[in-house]
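Chemist: Provided herewith is a single structure, encoded as C-alpha coordinates, for subsequent inquiry.
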Amino acid sequence: MRLTTKGRYAVTAMIDIALHRAQGPVSVTEVAERQAISSAYLEQLFSKLKRAGLLQSVRGPGGGYEIARAPAGITVASIIAAVGEGVDATRCQGAADCRDGATCLTHDLWSALSQHIDTFLSGITLESLIAGGAPPTLEHRHALHLIEARLV
(Lines give C-alpha, C1' and ligand atoms only; values in the text may rest on other atoms or scores of the structure.)
Protein backbone atom coordinates (compact mmCIF):
# COMPACT_ATOMS: atom_id res chain seq x y z
CA MET A 1 0.00 0.00 0.00
CA ARG A 2 1.11 3.43 -0.76
CA LEU A 3 -0.82 6.59 -0.18
CA THR A 4 0.23 8.89 -3.00
CA THR A 5 -0.15 12.63 -3.37
CA LYS A 6 -3.49 11.94 -5.06
CA GLY A 7 -5.03 10.71 -1.82
CA ARG A 8 -3.25 13.26 0.34
CA TYR A 9 -4.26 16.17 -1.89
CA ALA A 10 -7.86 14.95 -2.12
CA VAL A 11 -8.16 14.91 1.68
CA THR A 12 -6.48 18.31 1.95
CA ALA A 13 -8.77 19.83 -0.69
CA MET A 14 -11.89 18.41 0.94
CA ILE A 15 -10.85 19.89 4.30
CA ASP A 16 -10.17 23.25 2.64
CA ILE A 17 -13.58 23.32 0.94
CA ALA A 18 -15.31 22.27 4.16
CA LEU A 19 -13.50 24.98 6.14
CA HIS A 20 -14.59 27.65 3.66
CA ARG A 21 -18.12 26.37 2.99
CA ALA A 22 -19.75 29.25 4.87
CA GLN A 23 -18.58 31.64 2.12
CA GLY A 24 -20.38 29.61 -0.55
CA PRO A 25 -18.91 27.64 -3.43
CA VAL A 26 -15.11 27.47 -3.47
CA SER A 27 -13.18 27.77 -6.73
CA VAL A 28 -10.40 25.41 -7.73
CA THR A 29 -8.07 28.40 -7.96
CA GLU A 30 -8.76 29.39 -4.35
CA VAL A 31 -7.99 25.90 -3.06
CA ALA A 32 -4.92 25.66 -5.31
CA GLU A 33 -3.52 28.93 -4.01
CA ARG A 34 -4.24 28.24 -0.34
CA GLN A 35 -2.84 24.70 -0.45
CA ALA A 36 -0.05 25.15 -3.05
CA ILE A 37 -1.47 22.44 -5.31
CA SER A 38 -1.70 22.65 -9.10
CA SER A 39 -5.15 23.80 -10.32
CA ALA A 40 -5.04 21.31 -13.17
CA TYR A 41 -4.32 18.46 -10.76
CA LEU A 42 -7.12 19.59 -8.44
CA GLU A 43 -9.57 19.68 -11.36
CA GLN A 44 -8.85 15.99 -11.99
CA LEU A 45 -9.34 15.16 -8.32
CA PHE A 46 -12.51 17.25 -8.05
CA SER A 47 -13.97 15.44 -11.04
CA LYS A 48 -13.48 12.11 -9.26
CA LEU A 49 -14.79 13.46 -5.96
CA LYS A 50 -17.84 14.81 -7.76
CA ARG A 51 -18.49 11.44 -9.46
CA ALA A 52 -18.32 9.79 -6.04
CA GLY A 53 -20.95 12.19 -4.69
CA LEU A 54 -18.59 13.92 -2.26
CA LEU A 55 -18.50 17.27 -4.08
CA GLN A 56 -21.00 19.14 -6.19
CA SER A 57 -20.30 21.94 -8.61
CA VAL A 58 -22.11 25.26 -8.84
CA ARG A 59 -22.06 27.00 -12.20
CA GLY A 60 -22.09 30.68 -12.99
CA PRO A 61 -20.65 33.78 -11.35
CA GLY A 62 -19.51 32.94 -7.85
CA GLY A 63 -19.59 29.25 -8.74
CA GLY A 64 -17.21 26.58 -7.66
CA TYR A 65 -17.40 23.45 -5.54
CA GLU A 66 -19.28 22.58 -2.39
CA ILE A 67 -19.29 19.57 -0.12
CA ALA A 68 -22.19 17.42 -1.36
CA ARG A 69 -23.06 15.84 2.00
CA ALA A 70 -22.76 16.68 5.65
CA PRO A 71 -19.08 16.55 6.71
CA ALA A 72 -20.06 14.05 9.43
CA GLY A 73 -21.02 11.60 6.68
CA ILE A 74 -17.76 11.79 4.74
CA THR A 75 -14.84 9.67 5.92
CA VAL A 76 -11.18 9.90 4.98
CA ALA A 77 -11.47 6.36 3.60
CA SER A 78 -14.28 7.44 1.26
CA ILE A 79 -12.27 10.42 0.01
CA ILE A 80 -9.22 8.28 -0.68
CA ALA A 81 -11.32 5.59 -2.40
CA ALA A 82 -13.05 8.23 -4.56
CA VAL A 83 -9.75 9.22 -6.18
CA GLY A 84 -8.71 5.64 -6.84
CA GLU A 85 -6.41 5.07 -3.92
CA GLY A 86 -6.57 1.95 -1.81
CA VAL A 87 -5.49 0.71 1.55
CA ASP A 88 -4.27 -2.71 0.46
CA ALA A 89 -0.85 -3.48 1.95
CA THR A 90 -0.52 -6.86 0.20
CA ARG A 91 1.55 -7.25 -2.96
CA CYS A 92 -1.21 -9.32 -4.56
CA GLN A 93 -4.01 -6.75 -4.04
CA GLY A 94 -5.76 -9.23 -1.74
CA ALA A 95 -5.95 -12.06 -4.28
CA ALA A 96 -3.78 -14.38 -2.13
CA ASP A 97 -1.72 -15.40 -5.15
CA CYS A 98 1.38 -13.55 -4.01
CA ARG A 99 3.91 -16.23 -4.84
CA ASP A 100 3.41 -17.84 -8.22
CA GLY A 101 -0.28 -18.41 -7.53
CA ALA A 102 0.18 -19.41 -3.89
CA THR A 103 -0.28 -17.39 -0.75
CA CYS A 104 2.96 -15.94 0.57
CA LEU A 105 4.06 -16.38 4.17
CA THR A 106 3.17 -12.81 5.14
CA HIS A 107 -0.12 -12.46 3.26
CA ASP A 108 -2.28 -12.66 6.39
CA LEU A 109 -0.11 -10.08 8.16
CA TRP A 110 -0.42 -7.52 5.35
CA SER A 111 -4.08 -8.32 4.87
CA ALA A 112 -4.74 -7.63 8.56
CA LEU A 113 -2.79 -4.37 8.31
CA SER A 114 -4.93 -3.34 5.35
CA GLN A 115 -8.05 -3.98 7.41
CA HIS A 116 -6.70 -1.93 10.32
CA ILE A 117 -5.83 0.97 8.01
CA ASP A 118 -9.28 0.89 6.45
CA THR A 119 -10.95 0.74 9.87
CA PHE A 120 -8.83 3.65 11.10
CA LEU A 121 -9.51 5.86 8.06
CA SER A 122 -13.20 4.93 8.06
CA GLY A 123 -13.45 6.21 11.62
CA ILE A 124 -12.21 9.70 10.78
CA THR A 125 -14.80 12.05 9.34
CA LEU A 126 -14.36 15.31 7.51
CA GLU A 127 -16.30 16.91 10.36
CA SER A 128 -13.76 15.71 12.94
CA LEU A 129 -10.89 17.01 10.82
CA ILE A 130 -12.35 20.48 10.39
CA ALA A 131 -13.28 20.66 14.07
CA GLY A 132 -9.76 19.74 15.10
CA GLY A 133 -11.14 16.60 16.70
CA ALA A 134 -9.94 14.90 19.84
CA PRO A 135 -6.48 13.41 19.69
CA PRO A 136 -6.44 9.82 18.48
CA THR A 137 -6.78 7.13 21.10
CA LEU A 138 -3.81 4.95 21.94
CA GLU A 139 -5.21 2.33 19.58
CA HIS A 140 -5.47 4.90 16.78
CA ARG A 141 -1.95 6.23 17.48
CA HIS A 142 -0.62 2.67 17.22
CA ALA A 143 -2.48 2.16 13.94
CA LEU A 144 -1.20 5.50 12.64
CA HIS A 145 2.36 4.54 13.56
CA LEU A 146 1.95 1.29 11.59
CA ILE A 147 0.54 3.21 8.62
CA GLU A 148 3.36 5.74 8.63
CA ALA A 149 6.01 3.02 8.94
CA ARG A 150 4.50 1.18 5.99
CA LEU A 151 4.17 4.33 3.85
CA VAL A 152 7.86 5.24 4.17
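Identifiers for the C-alpha coordinates are assigned positionally: chains receive A, B, ... in sequence, residues are indexed from 1 per chain, and ligands are indexed from 1 in the order shown.
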Excluding Ile17 (chain A) and its own-chain neighbours fewer than 6 positions away, which residues fall within 12 Å of it when counting only C-alpha atoms? Please give them as a ChimeraX atom specification.
Modeler: /A:10-11,23-32,34-35,42,46,54-57,64-68,71,126-127,130
Chemist: Do you know which residues are at most 10 Å from Asp118 (chain A) counting only C-alpha atoms, after dropping those on the same chain fewer than 6 positions away, and could you put them as number ranges by chain?
Modeler: A: 76-78, 86-88, 112
Chemist: Just the selected residues (N, CA and C atoms), exported as an mmCIF file, in the first residue's frame, please.
Modeler:
```cif
data_model
loop_
_atom_site.group_PDB
_atom_site.id
_atom_site.type_symbol
_atom_site.label_atom_id
_atom_site.label_comp_id
_atom_site.auth_asym_id
_atom_site.auth_seq_id
_atom_site.Cartn_x
_atom_site.Cartn_y
_atom_site.Cartn_z
ATOM 1 N N VAL A 76 -12.450 9.833 5.713
ATOM 2 C CA VAL A 76 -11.180 9.901 4.985
ATOM 3 C C VAL A 76 -11.075 8.712 4.031
ATOM 4 N N ALA A 77 -11.522 7.542 4.468
ATOM 5 C CA ALA A 77 -11.474 6.359 3.603
ATOM 6 C C ALA A 77 -12.287 6.576 2.332
ATOM 7 N N SER A 78 -13.452 7.221 2.445
ATOM 8 C CA SER A 78 -14.284 7.441 1.258
ATOM 9 C C SER A 78 -13.650 8.453 0.309
ATOM 10 N N GLY A 86 -6.113 3.085 -2.600
ATOM 11 C CA GLY A 86 -6.568 1.952 -1.812
ATOM 12 C C GLY A 86 -5.777 1.839 -0.537
ATOM 13 N N VAL A 87 -6.198 0.929 0.299
ATOM 14 C CA VAL A 87 -5.491 0.705 1.551
ATOM 15 C C VAL A 87 -4.999 -0.737 1.627
ATOM 16 N N ASP A 88 -4.710 -1.320 0.503
ATOM 17 C CA ASP A 88 -4.266 -2.707 0.463
ATOM 18 C C ASP A 88 -2.750 -2.782 0.591
ATOM 19 N N ALA A 112 -4.238 -8.174 7.292
ATOM 20 C CA ALA A 112 -4.741 -7.632 8.563
ATOM 21 C C ALA A 112 -4.390 -6.152 8.699
#
```
Chemist: Pick out each residue of region 4-108 of chain A that DSSP on the backbone tags as alpha helix (DSSP H); I need them as a PyMOL selection string.
Modeler: chain A and resi 5-19+28-35+39-51+76-82+107-108
Chemist: Using only C-alpha atoms, can you tell me which of A:Ala131, A:Ile37, A:Met14, A:Leu113 comes closest to Val83 (chain A)?
Modeler: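 The closest residue to Val83 (chain A) is A:Met14.
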